[in-house]
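Next up, data-v3.cif (mmCIF, C-alpha atoms and all ligand atoms):
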```
data_work
#
loop_
_atom_site.label_atom_id
_atom_site.label_comp_id
_atom_site.auth_asym_id
_atom_site.auth_seq_id
_atom_site.Cartn_x
_atom_site.Cartn_y
_atom_site.Cartn_z
CA MET A 1 108.87 122.34 125.63
CA LYS A 2 107.42 119.01 124.59
CA ASN A 3 104.19 120.03 122.94
CA PRO A 4 103.83 122.59 120.17
CA ASN A 5 102.06 125.90 120.83
CA LYS A 6 98.45 126.35 119.72
CA ASP A 7 99.53 127.18 116.17
CA GLY A 8 101.52 123.96 115.99
CA PHE A 9 105.03 125.40 116.43
CA PHE A 10 107.86 123.58 118.16
CA GLY A 11 110.04 126.66 118.71
CA ASN A 12 110.64 128.11 115.25
CA TYR A 13 109.36 125.09 113.31
CA GLY A 14 106.01 123.56 112.41
CA GLY A 15 102.71 125.38 111.91
CA MET A 16 99.85 124.86 109.47
CA PHE A 17 100.79 126.10 106.01
CA VAL A 18 97.89 124.69 103.99
CA PRO A 19 95.21 126.00 101.63
CA ASP A 20 92.12 127.45 103.35
CA THR A 21 90.00 124.49 102.23
CA LEU A 22 92.01 122.21 104.51
CA MET A 23 91.93 124.36 107.65
CA PRO A 24 88.53 123.06 108.86
CA ALA A 25 89.73 119.46 108.40
CA LEU A 26 92.85 120.12 110.47
CA ALA A 27 90.79 121.87 113.14
CA ALA A 28 88.38 118.92 113.32
CA LEU A 29 91.29 116.49 113.48
CA THR A 30 92.93 118.48 116.29
CA GLN A 31 89.68 118.58 118.22
CA CYS A 32 89.03 114.86 117.84
CA TYR A 33 92.64 114.07 118.72
CA GLU A 34 92.43 116.17 121.89
CA GLY A 35 89.21 114.33 122.72
CA ILE A 36 90.84 110.89 122.72
CA GLN A 37 93.77 111.84 124.98
CA ASP A 38 91.91 110.65 128.06
CA ASP A 39 89.18 108.58 126.42
CA SER A 40 89.66 105.28 128.23
CA ALA A 41 87.68 103.27 125.64
CA PHE A 42 89.90 104.59 122.82
CA ILE A 43 93.08 103.93 124.79
CA ALA A 44 91.92 100.40 125.67
CA GLU A 45 91.09 99.63 122.02
CA LEU A 46 94.50 100.91 120.84
CA GLU A 47 96.27 98.88 123.52
CA TYR A 48 94.27 95.78 122.58
CA TYR A 49 95.36 95.91 118.93
CA LEU A 50 98.95 96.94 119.73
CA HIS A 51 99.26 93.84 121.84
CA HIS A 52 97.22 91.21 119.99
CA PHE A 53 97.59 92.38 116.40
CA VAL A 54 100.96 94.17 116.27
CA GLY A 55 102.71 92.00 118.85
CA ARG A 56 103.83 94.64 121.37
CA PRO A 57 105.74 95.01 123.57
CA THR A 58 108.72 94.48 121.26
CA PRO A 59 111.88 93.06 122.87
CA LEU A 60 114.86 95.15 123.94
CA TYR A 61 117.61 92.81 122.82
CA TYR A 62 121.16 92.93 124.16
CA ALA A 63 123.34 92.42 121.10
CA GLN A 64 126.24 90.58 122.68
CA ASN A 65 128.42 89.96 119.63
CA LEU A 66 127.97 93.43 118.19
CA SER A 67 128.70 94.93 121.62
CA LYS A 68 131.97 93.04 121.85
CA GLN A 69 132.99 94.05 118.35
CA CYS A 70 132.23 97.74 118.97
CA ASN A 71 133.39 97.90 122.62
CA GLN A 72 129.96 99.13 123.66
CA LYS A 73 126.89 97.79 125.44
CA ILE A 74 124.34 97.81 122.67
CA TYR A 75 120.64 97.14 123.12
CA LEU A 76 118.39 96.90 120.06
CA LYS A 77 114.76 97.97 120.34
CA ARG A 78 113.22 95.42 118.02
CA GLU A 79 110.61 97.38 116.05
CA ASP A 80 111.45 95.05 113.15
CA LEU A 81 109.46 92.39 114.99
CA ASN A 82 106.21 94.32 114.76
CA HIS A 83 103.55 92.97 112.41
CA THR A 84 104.45 94.31 108.91
CA GLY A 85 108.11 94.59 109.91
CA ALA A 86 108.64 98.16 111.06
CA HIS A 87 107.58 100.84 113.54
CA LYS A 88 105.13 102.44 111.11
CA ILE A 89 102.15 100.37 112.25
CA ASN A 90 102.22 102.00 115.71
CA ASN A 91 101.10 105.19 114.00
CA THR A 92 98.73 103.81 111.35
CA LEU A 93 96.84 101.86 113.97
CA GLY A 94 96.40 104.94 116.15
CA GLN A 95 95.29 107.05 113.21
CA ILE A 96 92.80 104.56 111.80
CA LEU A 97 91.07 104.27 115.16
CA LEU A 98 90.92 108.06 115.19
CA ALA A 99 89.49 108.10 111.64
CA LYS A 100 86.84 105.59 112.68
CA LYS A 101 85.97 107.83 115.61
CA MET A 102 85.52 110.76 113.19
CA GLY A 103 83.16 108.70 111.02
CA LYS A 104 85.49 108.56 108.00
CA THR A 105 85.10 105.67 105.56
CA ARG A 106 88.07 106.19 103.25
CA ILE A 107 91.80 106.37 103.97
CA ILE A 108 94.58 107.79 101.82
CA ALA A 109 98.32 107.76 102.44
CA GLU A 110 101.63 108.51 100.76
CA THR A 111 104.50 106.07 100.84
CA GLY A 112 108.20 105.98 99.92
CA ALA A 113 109.73 102.59 100.70
CA GLY A 114 106.22 101.19 100.77
CA GLN A 115 106.44 100.39 104.47
CA HIS A 116 103.94 103.09 105.42
CA GLY A 117 101.71 102.02 102.54
CA VAL A 118 101.77 98.44 103.76
CA ALA A 119 101.13 99.49 107.37
CA THR A 120 98.19 101.62 106.18
CA ALA A 121 96.73 98.93 103.88
CA THR A 122 97.03 96.50 106.79
CA VAL A 123 94.98 98.55 109.26
CA CYS A 124 92.46 99.40 106.51
CA ALA A 125 91.90 95.69 105.92
CA LEU A 126 91.59 95.21 109.67
CA MET A 127 88.99 97.98 110.03
CA GLY A 128 87.19 97.44 106.71
CA MET A 129 88.07 100.83 105.26
CA GLN A 130 88.58 101.80 101.64
CA CYS A 131 92.27 102.52 101.02
CA ASN A 132 94.18 104.45 98.36
CA ILE A 133 97.97 104.71 98.49
CA TYR A 134 100.01 107.29 96.55
CA MET A 135 103.48 106.14 95.58
CA GLY A 136 106.16 107.55 93.28
CA ALA A 137 106.70 105.57 90.08
CA SER A 138 110.42 105.10 90.88
CA ASP A 139 109.59 103.77 94.33
CA ILE A 140 107.00 101.40 92.85
CA GLU A 141 109.83 99.94 90.83
CA ARG A 142 112.29 99.81 93.73
CA GLN A 143 109.76 98.28 96.13
CA SER A 144 107.57 96.05 94.00
CA LEU A 145 107.07 93.46 96.73
CA ASN A 146 105.47 96.03 99.01
CA VAL A 147 103.17 97.12 96.17
CA LYS A 148 102.00 93.53 95.80
CA ARG A 149 101.39 93.34 99.55
CA MET A 150 99.22 96.45 99.54
CA LYS A 151 97.17 95.20 96.61
CA LEU A 152 96.69 91.78 98.18
CA MET A 153 95.18 93.48 101.22
CA GLY A 154 92.69 95.31 99.03
CA ALA A 155 94.32 98.73 98.67
CA SER A 156 94.59 100.55 95.38
CA VAL A 157 98.00 102.01 94.58
CA SER A 158 98.25 105.18 92.49
CA SER A 159 101.52 105.65 90.64
CA VAL A 160 102.81 109.25 90.79
CA THR A 161 104.86 110.23 87.75
CA SER A 162 105.47 113.93 88.48
CA GLY A 163 108.75 115.45 89.73
CA SER A 164 111.31 112.98 91.02
CA LYS A 165 108.63 110.22 91.12
CA THR A 166 109.41 109.59 94.80
CA LEU A 167 107.98 110.30 98.23
CA LYS A 168 107.93 114.09 97.94
CA ASP A 169 105.70 113.91 94.85
CA ALA A 170 103.49 111.16 96.27
CA THR A 171 102.87 113.41 99.30
CA THR A 172 101.84 116.31 97.06
CA GLU A 173 99.31 114.06 95.27
CA ALA A 174 97.91 112.74 98.54
CA ILE A 175 97.33 116.30 99.79
CA ARG A 176 95.48 117.07 96.52
CA ASP A 177 93.25 114.03 96.98
CA TRP A 178 92.52 115.04 100.57
CA MET A 179 91.45 118.53 99.49
CA LYS A 180 88.92 116.99 97.10
CA HIS A 181 87.52 114.29 99.40
CA VAL A 182 87.97 115.69 102.87
CA GLU A 183 84.37 114.92 103.95
CA ASN A 184 84.69 111.12 103.99
CA THR A 185 88.49 110.75 103.82
CA HIS A 186 91.20 110.74 106.46
CA TYR A 187 94.81 111.25 105.35
CA ILE A 188 97.24 109.09 107.36
CA ILE A 189 100.63 110.80 107.22
CA GLY A 190 103.45 108.31 107.76
CA SER A 191 106.00 110.36 109.66
CA ALA A 192 106.20 113.18 112.20
CA LEU A 193 105.69 115.64 109.37
CA GLY A 194 103.08 117.81 107.74
CA PRO A 195 100.80 120.45 109.25
CA HIS A 196 99.78 120.49 112.90
CA PRO A 197 98.44 118.28 114.51
CA TYR A 198 100.21 115.51 112.56
CA PRO A 199 103.76 115.92 113.96
CA LEU A 200 102.39 115.86 117.51
CA MET A 201 99.99 113.00 116.88
CA VAL A 202 102.48 110.77 115.06
CA ARG A 203 105.14 111.37 117.72
CA ASN A 204 102.70 110.47 120.48
CA PHE A 205 101.56 107.26 118.76
CA GLN A 206 105.24 106.31 118.24
CA SER A 207 106.28 107.24 121.78
CA ILE A 208 105.22 103.73 122.86
CA ILE A 209 108.73 102.75 121.65
CA SER A 210 110.56 104.73 124.35
CA LYS A 211 107.87 104.09 126.95
CA GLU A 212 108.63 100.38 126.69
CA ALA A 213 112.38 100.79 126.15
CA LYS A 214 112.87 102.92 129.25
CA GLU A 215 111.26 100.32 131.47
CA GLN A 216 113.14 97.54 129.72
CA ILE A 217 116.59 99.12 129.99
CA ILE A 218 116.16 99.87 133.69
CA ASP A 219 114.93 96.35 134.20
CA GLN A 220 117.81 94.79 132.27
CA SER A 221 120.79 97.04 133.02
CA GLY A 222 119.69 98.79 136.20
CA SER A 223 120.13 102.31 134.86
CA LEU A 224 119.39 104.78 132.12
CA PRO A 225 121.38 104.44 128.87
CA ASP A 226 124.20 106.84 128.00
CA ILE A 227 123.03 107.11 124.40
CA VAL A 228 119.78 106.62 122.54
CA MET A 229 120.01 106.60 118.77
CA ALA A 230 117.87 106.20 115.66
CA CYS A 231 117.91 106.85 111.95
CA ILE A 232 116.05 109.90 110.64
CA GLY A 233 113.82 110.11 107.60
CA GLY A 234 110.89 112.31 108.57
CA GLY A 235 111.59 111.61 112.22
CA SER A 236 108.89 109.26 113.51
CA ASN A 237 110.97 106.33 114.77
CA ALA A 238 113.57 108.74 116.18
CA LEU A 239 111.00 110.81 118.08
CA GLY A 240 109.25 107.66 119.26
CA MET A 241 112.61 106.39 120.52
CA PHE A 242 113.65 109.72 122.10
CA TYR A 243 110.41 110.94 123.63
CA HIS A 244 110.52 109.42 127.12
CA PHE A 245 114.25 110.26 127.41
CA LEU A 246 113.89 113.95 126.49
CA ASP A 247 113.97 115.09 130.12
CA ASP A 248 116.82 112.76 131.09
CA LYS A 249 119.57 115.24 130.42
CA THR A 250 122.40 112.71 130.93
CA VAL A 251 121.10 110.67 127.97
CA ARG A 252 122.60 111.76 124.64
CA LEU A 253 120.13 111.67 121.74
CA LEU A 254 121.75 110.85 118.40
CA GLY A 255 119.97 111.03 115.07
CA VAL A 256 121.46 109.64 111.88
CA GLU A 257 120.49 110.97 108.47
CA ALA A 258 121.32 109.69 105.01
CA ALA A 259 124.48 111.23 103.55
CA GLY A 260 123.88 109.31 100.30
CA GLU A 261 126.97 109.70 98.11
CA GLY A 262 128.44 112.18 100.61
CA LEU A 263 127.37 115.49 102.17
CA SER A 264 129.34 117.57 99.66
CA SER A 265 127.92 115.66 96.67
CA ASN A 266 124.38 117.10 96.60
CA GLN A 267 123.27 113.45 96.39
CA HIS A 268 122.05 113.04 99.96
CA ALA A 269 118.98 113.39 102.17
CA ALA A 270 120.53 115.14 105.19
CA SER A 271 117.89 117.81 105.75
CA LEU A 272 118.86 118.49 109.38
CA SER A 273 122.57 118.79 108.65
CA LYS A 274 122.32 120.58 105.33
CA GLY A 275 118.83 122.05 105.03
CA LYS A 276 117.55 125.60 105.52
CA PRO A 277 114.19 126.72 106.93
CA GLY A 278 111.48 126.42 104.31
CA ILE A 279 107.90 125.31 103.85
CA LEU A 280 107.27 121.81 102.57
CA HIS A 281 104.04 119.83 102.77
CA GLY A 282 102.24 122.03 105.25
CA SER A 283 104.85 123.04 107.78
CA LEU A 284 108.03 125.05 108.23
CA ASN A 285 111.04 122.79 108.58
CA SER A 286 114.64 122.35 107.65
CA VAL A 287 114.44 121.59 103.94
CA LEU A 288 117.01 120.81 101.24
CA GLN A 289 116.80 123.69 98.78
CA ASP A 290 118.93 125.60 96.30
CA GLU A 291 119.84 129.33 96.49
CA ASN A 292 116.47 130.23 94.97
CA GLY A 293 114.49 128.25 97.49
CA GLN A 294 113.65 125.46 95.03
CA ILE A 295 113.29 122.11 96.79
CA GLN A 296 116.25 119.90 95.97
CA LEU A 297 115.95 116.23 95.13
CA ALA A 298 117.02 114.00 97.96
CA HIS A 299 119.06 110.87 97.41
CA SER A 300 119.52 107.81 99.57
CA ILE A 301 120.02 104.13 98.93
CA SER A 302 117.05 103.59 101.24
CA ALA A 303 113.72 104.75 99.86
CA GLY A 304 112.44 105.47 103.37
CA LEU A 305 115.05 108.18 104.01
CA ASP A 306 114.79 109.69 100.54
CA TYR A 307 112.91 112.88 101.48
CA PRO A 308 114.17 116.50 101.34
CA GLY A 309 112.55 117.56 104.64
CA VAL A 310 112.36 116.49 108.28
CA GLY A 311 109.70 117.03 110.93
CA PRO A 312 109.50 120.22 113.04
CA GLU A 313 110.17 118.74 116.47
CA LEU A 314 113.53 117.30 115.42
CA CYS A 315 114.45 120.65 113.83
CA HIS A 316 113.69 122.28 117.16
CA LEU A 317 115.58 119.68 119.20
CA LYS A 318 118.62 120.12 116.97
CA GLU A 319 118.47 123.92 117.13
CA THR A 320 118.29 123.87 120.93
CA GLY A 321 121.21 121.44 121.14
CA ARG A 322 119.27 118.52 122.64
CA LEU A 323 119.65 116.41 119.50
CA GLU A 324 123.00 115.60 117.89
CA ALA A 325 122.57 115.02 114.16
CA TYR A 326 125.01 112.99 112.08
CA ALA A 327 124.92 111.61 108.57
CA VAL A 328 126.32 108.41 107.07
CA THR A 329 126.74 107.44 103.42
CA ASP A 330 125.04 104.71 101.39
CA LYS A 331 128.26 102.73 101.54
CA GLN A 332 128.59 102.98 105.32
CA ALA A 333 124.93 101.97 105.74
CA LEU A 334 125.47 98.83 103.67
CA GLN A 335 128.47 98.02 105.89
CA GLY A 336 126.34 98.49 109.00
CA CYS A 337 123.69 96.17 107.59
CA LYS A 338 126.26 93.50 106.77
CA GLN A 339 127.90 93.73 110.18
CA LEU A 340 124.64 93.20 112.07
CA ALA A 341 123.61 90.33 109.81
CA GLU A 342 126.94 88.54 110.30
CA LEU A 343 127.29 89.15 114.02
CA GLU A 344 123.72 88.86 115.26
CA GLY A 345 121.68 87.08 112.58
CA ILE A 346 119.41 90.07 112.10
CA ILE A 347 118.88 91.68 108.69
CA ALA A 348 117.98 95.31 109.26
CA ALA A 349 116.26 97.68 106.85
CA LEU A 350 118.65 99.97 104.98
CA GLU A 351 117.07 102.94 106.79
CA THR A 352 117.98 101.42 110.15
CA SER A 353 121.42 100.48 108.83
CA HIS A 354 122.35 104.16 108.82
CA ALA A 355 122.08 104.22 112.61
CA LEU A 356 123.93 100.90 112.83
CA ALA A 357 126.81 102.34 110.79
CA LEU A 358 127.42 105.07 113.36
CA LEU A 359 128.19 102.41 115.99
CA SER A 360 131.66 102.06 114.47
CA ASP A 361 132.46 105.73 115.07
CA ASP A 362 134.37 105.85 118.35
CA ALA A 363 135.12 109.53 118.02
CA ILE A 364 131.41 110.35 118.24
CA LEU A 365 130.31 107.65 120.67
CA LYS A 366 133.29 107.10 123.00
CA LYS A 367 133.91 103.58 124.28
CA ASN A 368 131.95 101.46 126.72
CA GLN A 369 128.66 103.31 126.54
CA THR A 370 125.25 101.80 127.19
CA ILE A 371 123.40 102.41 123.94
CA ILE A 372 119.83 101.82 122.83
CA LEU A 373 119.45 101.76 119.06
CA CYS A 374 116.01 101.75 117.47
CA LEU A 375 115.97 98.83 115.06
CA SER A 376 113.19 100.52 113.11
CA GLY A 377 112.55 97.77 110.55
CA ARG A 378 113.61 94.54 108.93
CA GLY A 379 115.52 94.32 105.68
CA ASP A 380 113.56 91.78 103.64
CA LYS A 381 112.21 94.55 101.43
CA ASP A 382 115.78 95.68 100.67
CA MET A 383 117.29 92.29 99.88
CA GLU A 384 117.71 93.00 96.18
CA THR A 385 119.53 96.29 96.78
CA ILE A 386 121.66 94.74 99.51
CA ALA A 387 122.56 91.71 97.41
CA ASN A 388 123.60 93.96 94.53
CA HIS A 389 126.06 95.87 96.71
CA VAL A 390 127.65 93.66 99.35
C1 LIG B 401 109.95 104.72 107.07
C2 LIG B 401 111.09 104.16 107.76
C3 LIG B 401 112.07 104.96 108.37
C4 LIG B 401 112.09 106.46 108.24
O1 LIG B 401 110.97 107.13 108.72
P1 LIG B 401 110.93 107.90 110.09
O2 LIG B 401 109.61 108.59 110.09
O3 LIG B 401 112.07 108.87 110.11
O4 LIG B 401 111.03 106.90 111.16
C5 LIG B 401 113.07 104.35 109.08
N1 LIG B 401 113.15 103.01 109.18
C6 LIG B 401 112.24 102.20 108.60
C7 LIG B 401 112.38 100.72 108.74
C8 LIG B 401 111.18 102.74 107.88
O5 LIG B 401 110.29 101.92 107.32
#
```

Could you quickly redo this structure as structure tokens?
Amino acid sequence: MKNPNKDGFFGNYGGMFVPDTLMPALAALTQCYEGIQDDSAFIAELEYYLHHFVGRPTPLYYAQNLSKQCNQKIYLKREDLNHTGAHKINNTLGQILLAKKMGKTRIIAETGAGQHGVATATVCALMGMQCNIYMGASDIERQSLNVKRMKLMGASVSSVTSGSKTLKDATTEAIRDWMKHVENTHYIIGSALGPHPYPLMVRNFQSIISKEAKEQIIDQSGSLPDIVMACIGGGSNALGMFYHFLDDKTVRLLGVEAAGEGLSSNQHAASLSKGKPGILHGSLNSVLQDENGQIQLAHSISAGLDYPGVGPELCHLKETGRLEAYAVTDKQALQGCKQLAELEGIIAALETSHALALLSDDAILKKNQTIILCLSGRGDKDMETIANHV
């Protein structure tokens, strides 16, 4: 099953767990989204901006030196080369065109690492829309360069000081804002998360990644890959990378979560590996929680993976055995980042570096496999953290 049922469930996960005041907004969004599926003018406009503004298609790059070192054939899907430096803009562009179609004039978004905030501020500037970004106070500190970027493009950034002062709390504030201003405001969620139809919509906008990659790998290597892998925060780059390979049963799908200080330490963000079903931000997912069902704080060296939940479709794919989920520590991720920088001259985001770190694990991968890894973003934003550790 590739699409959720009418209530927004992928198997046992998903749904629309929101206050009544938001149900009409979600219904209108679903209706408008269904309307654009075969709207050729909408599709043409999206394709125009993806090509001329974002820079798609992104290359599928054969990483020769890394391949030799790891005894694999490794291809990197270069989402880091998108305008704004990550995959997130594939989604924000799709959603802002949708918002325009619905007659909205104001955009809000939550952000963790600031990458989604930047991608949202970017498309708001492009489309002349008012933009307000919610960001945890700790993340504002960790990612000050991205805050400056957003402001330069005309967005206002609201600092969220409740809870852990990170992404989870910023999301809660964004939902509150949306409830108050739903008439003129569209909420652009940054990952394949939240109530239906967001997980479906975000996955579809991101699926351009695997649409291109599948053609590229067949063109370059003559066959399907053995393994497709990506890091997992909420799940948008992973689902975008997996989508067009879901039916190719010989292709292993590997997702890599943040094990932070270690899976037994309680300082991690491995919601697929260690979570239990629970409701967070509008849908039922695998969530990090204590015995009493209180949401636990996530920890990761990368702000973009620092979230205690994960989207419903990945939960479903894991439960049905299609997705293999692994987790790597902060330390391993830094190693992965360093290895790619030294061998290939590419500085990856710390989020992405989690997937890179798994390349050294022969027990999981086996040798001599053809692998596509989603290089979800570039590491400029993380340079301070990286420099402090390696
Ligand atoms: C936001 C982000 C992620 C994590 O988000 P997903 O929705 O799981 O993709 C991963 N990599 C980069 C570079 C990011 O900016």

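A straight line drawn from CA of Asn184 (chain A) to CA of Thr172 (chain A) is 19.2 Å long.
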
Check your understanding: Which residues, written as a ChimeraX atom specification, have at least one atom at most 9 Å from region 17-27 of chain A, with all atoms listed in the file counted and residues fewer than 4 positions away on the same chain left out?
Key -> /A:31-32,178-179,182-183,194-198,279-284

task = Rounded to one decimal place, report the CA of Glu324 (chain A)-atom P1 of ligand LIG 401 (chain B) distance in Å.
result =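 Straight-line distance from CA of Glu324 (chain A) to atom P1 of ligand LIG 401 (chain B) works out to 16.3 Å.
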
Find the residues near ligand LIG 401 (chain B). Use a cut-off of 9 Å, count all atoms listed in the file, and write them as number ranges by chain. A: 79-80, 85-88, 111-116, 190-193, 202, 230-240, 257, 302-306, 310-311, 348-353, 374-379

Margin query: Let me make sure I understand: among A:Tyr75, A:Phe42, A:Tyr326, A:Phe242, which one has the smallest atom-to-atom distance to Lys100 (chain A) if we use only C-alpha atoms?
Written below: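 Between A:Tyr75, A:Phe42, A:Tyr326, A:Phe242, the residue approaching Lys100 (chain A) most closely is A:Phe42.
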
Q.
Please determine, counting only C-alpha atoms, which residue among A:Glu384, A:Gln37, A:Ser264, A:His83 has the shortest atom-to-atom distance to His52 (chain A).
A.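 Comparing A:Glu384, A:Gln37, A:Ser264, A:His83 against His52 (chain A), the winner is A:His83.
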
_Give me, as a ChimeraX atom specification, all polymer residues having an atom no more than 12 Å from Ser360 (chain A), counting all atoms listed in the file and skipping those fewer than 2 positions away in the same chain._
/A:66-72,74,328,332-333,335-336,339-340,353-358,362-367

Just checking: using all atoms listed in the file, which residue out of A:Ile371, A:Ile175, A:Val160, A:Met153 ends up closest to Glu141 (chain A)?
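The closest residue to Glu141 (chain A) is A:Val160.
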
With distances taken over all atoms listed in the file, which of A:Ala298, A:Met383, A:Leu343, A:Ile188 is nearest to Ser164 (chain A)?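 Selected residue with least distance to Ser164 (chain A): A:Ala298.
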
Q | Atom pair CA of Gly14 (chain A) / CA of Gln267 (chain A): separation (Å) | A |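 For CA of Gly14 (chain A) relative to CA of Gln267 (chain A), the distance reads 25.6 Å.
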
Which residues are close to region 269-275 of chain A, i.e. within 7 Å by all atoms listed in the file, leaving aside same-chain residues fewer than 6 positions away? Reply as a list of chain:residue names.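 In the requested format, the answer is A:Glu257, A:Ala258, A:Ala259, A:Gly260, A:Ser286, A:Val287, A:Leu288, A:Gln289, A:Ala298, A:His299, A:Ser300, A:Leu305, A:Asp306, A:Tyr307, A:Pro308, A:Gly309, A:Val310, A:Cys315, A:Ala325, A:Ala327.
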
Could you please take those selected residues and save C-alpha atoms as a PDB file, in the frame of the given file?
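This is the output file again-v6.pdb:
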```
ATOM      1  CA  GLU A 257     120.490 110.970 108.470  1.00  0.00           C
ATOM      2  CA  ALA A 258     121.320 109.690 105.010  1.00  0.00           C
ATOM      3  CA  ALA A 259     124.480 111.230 103.550  1.00  0.00           C
ATOM      4  CA  GLY A 260     123.880 109.310 100.300  1.00  0.00           C
ATOM      5  CA  SER A 286     114.640 122.350 107.650  1.00  0.00           C
ATOM      6  CA  VAL A 287     114.440 121.590 103.940  1.00  0.00           C
ATOM      7  CA  LEU A 288     117.010 120.810 101.240  1.00  0.00           C
ATOM      8  CA  GLN A 289     116.800 123.690  98.780  1.00  0.00           C
ATOM      9  CA  ALA A 298     117.020 114.000  97.960  1.00  0.00           C
ATOM     10  CA  HIS A 299     119.060 110.870  97.410  1.00  0.00           C
ATOM     11  CA  SER A 300     119.520 107.810  99.570  1.00  0.00           C
ATOM     12  CA  LEU A 305     115.050 108.180 104.010  1.00  0.00           C
ATOM     13  CA  ASP A 306     114.790 109.690 100.540  1.00  0.00           C
ATOM     14  CA  TYR A 307     112.910 112.880 101.480  1.00  0.00           C
ATOM     15  CA  PRO A 308     114.170 116.500 101.340  1.00  0.00           C
ATOM     16  CA  GLY A 309     112.550 117.560 104.640  1.00  0.00           C
ATOM     17  CA  VAL A 310     112.360 116.490 108.280  1.00  0.00           C
ATOM     18  CA  CYS A 315     114.450 120.650 113.830  1.00  0.00           C
ATOM     19  CA  ALA A 325     122.570 115.020 114.160  1.00  0.00           C
ATOM     20  CA  ALA A 327     124.920 111.610 108.570  1.00  0.00           C
TER      21      ALA A 327
END
```

Shortest contact to Tyr33 (chain A), candidates A:Gln95, A:Ala125, A:Ile189, A:Lys249, atoms counted all atoms listed in the file, goes to A:Gln95

Protein and nucleic acid residues near (112.1, 91.1, 118.7) (cut-off 10 Å, all atoms listed in the file) as a list in words:
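Protein, DNA and RNA residues close to (112.1, 91.1, 118.7): Gly55, Arg56, Pro57, Thr58, Pro59, Leu60, Tyr61, Leu76, Lys77, Arg78, Glu79, Asp80, Leu81, Asn82, Ile346 and Leu375 of chain A.
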
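Among the candidate residues A:Thr370, A:Tyr187, A:Leu263, A:Gly128, the one lying nearest to Thr329 (chain A) is A:Leu263, with distances computed using all atoms listed in the file.
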
Add whatever atoms are absent from region 159-170 of chain A to reach N, CA, C and O atoms, and provide the output as a PDB file, in the frame of the given file.
```pdb
ATOM      1  N   SER A 159     100.148 105.342  91.012  1.00  0.00           N
ATOM      2  CA  SER A 159     101.520 105.650  90.640  1.00  0.00           C
ATOM      3  C   SER A 159     101.652 107.150  90.338  1.00  0.00           C
ATOM      4  O   SER A 159     100.896 107.707  89.542  1.00  0.00           O
ATOM      5  N   VAL A 160     102.612 107.807  90.983  1.00  0.00           N
ATOM      6  CA  VAL A 160     102.810 109.250  90.790  1.00  0.00           C
ATOM      7  C   VAL A 160     104.029 109.471  89.895  1.00  0.00           C
ATOM      8  O   VAL A 160     105.138 109.065  90.224  1.00  0.00           O
ATOM      9  N   THR A 161     103.788 110.109  88.746  1.00  0.00           N
ATOM     10  CA  THR A 161     104.860 110.230  87.750  1.00  0.00           C
ATOM     11  C   THR A 161     105.416 111.651  87.661  1.00  0.00           C
ATOM     12  O   THR A 161     106.253 111.932  86.816  1.00  0.00           O
ATOM     13  N   SER A 162     104.967 112.552  88.537  1.00  0.00           N
ATOM     14  CA  SER A 162     105.470 113.930  88.480  1.00  0.00           C
ATOM     15  C   SER A 162     106.786 114.042  89.256  1.00  0.00           C
ATOM     16  O   SER A 162     107.120 113.190  90.079  1.00  0.00           O
ATOM     17  N   GLY A 163     107.528 115.109  88.982  1.00  0.00           N
ATOM     18  CA  GLY A 163     108.750 115.450  89.730  1.00  0.00           C
ATOM     19  C   GLY A 163     109.761 114.324  89.725  1.00  0.00           C
ATOM     20  O   GLY A 163     110.069 113.737  88.679  1.00  0.00           O
ATOM     21  N   SER A 164     110.272 114.014  90.907  1.00  0.00           N
ATOM     22  CA  SER A 164     111.310 112.980  91.020  1.00  0.00           C
ATOM     23  C   SER A 164     110.692 111.585  91.116  1.00  0.00           C
ATOM     24  O   SER A 164     111.398 110.598  91.269  1.00  0.00           O
ATOM     25  N   LYS A 165     109.344 111.511  91.052  1.00  0.00           N
ATOM     26  CA  LYS A 165     108.630 110.220  91.120  1.00  0.00           C
ATOM     27  C   LYS A 165     108.951 109.475  92.402  1.00  0.00           C
ATOM     28  O   LYS A 165     109.063 108.248  92.417  1.00  0.00           O
ATOM     29  N   THR A 166     109.153 110.240  93.503  1.00  0.00           N
ATOM     30  CA  THR A 166     109.410 109.590  94.800  1.00  0.00           C
ATOM     31  C   THR A 166     108.463 110.157  95.846  1.00  0.00           C
ATOM     32  O   THR A 166     107.433 110.756  95.522  1.00  0.00           O
ATOM     33  N   LEU A 167     108.846 109.993  97.099  1.00  0.00           N
ATOM     34  CA  LEU A 167     107.980 110.300  98.230  1.00  0.00           C
ATOM     35  C   LEU A 167     107.453 111.742  98.235  1.00  0.00           C
ATOM     36  O   LEU A 167     106.279 111.981  98.532  1.00  0.00           O
ATOM     37  N   LYS A 168     108.316 112.692  97.926  1.00  0.00           N
ATOM     38  CA  LYS A 168     107.930 114.090  97.940  1.00  0.00           C
ATOM     39  C   LYS A 168     106.719 114.329  97.018  1.00  0.00           C
ATOM     40  O   LYS A 168     105.766 115.028  97.367  1.00  0.00           O
ATOM     41  N   ASP A 169     106.758 113.720  95.844  1.00  0.00           N
ATOM     42  CA  ASP A 169     105.700 113.910  94.850  1.00  0.00           C
ATOM     43  C   ASP A 169     104.440 113.133  95.220  1.00  0.00           C
ATOM     44  O   ASP A 169     103.321 113.588  94.998  1.00  0.00           O
ATOM     45  N   ALA A 170     104.634 111.955  95.811  1.00  0.00           N
ATOM     46  CA  ALA A 170     103.490 111.160  96.270  1.00  0.00           C
ATOM     47  C   ALA A 170     102.733 111.938  97.359  1.00  0.00           C
ATOM     48  O   ALA A 170     101.497 111.943  97.392  1.00  0.00           O
TER      49      ALA A 170
END
```
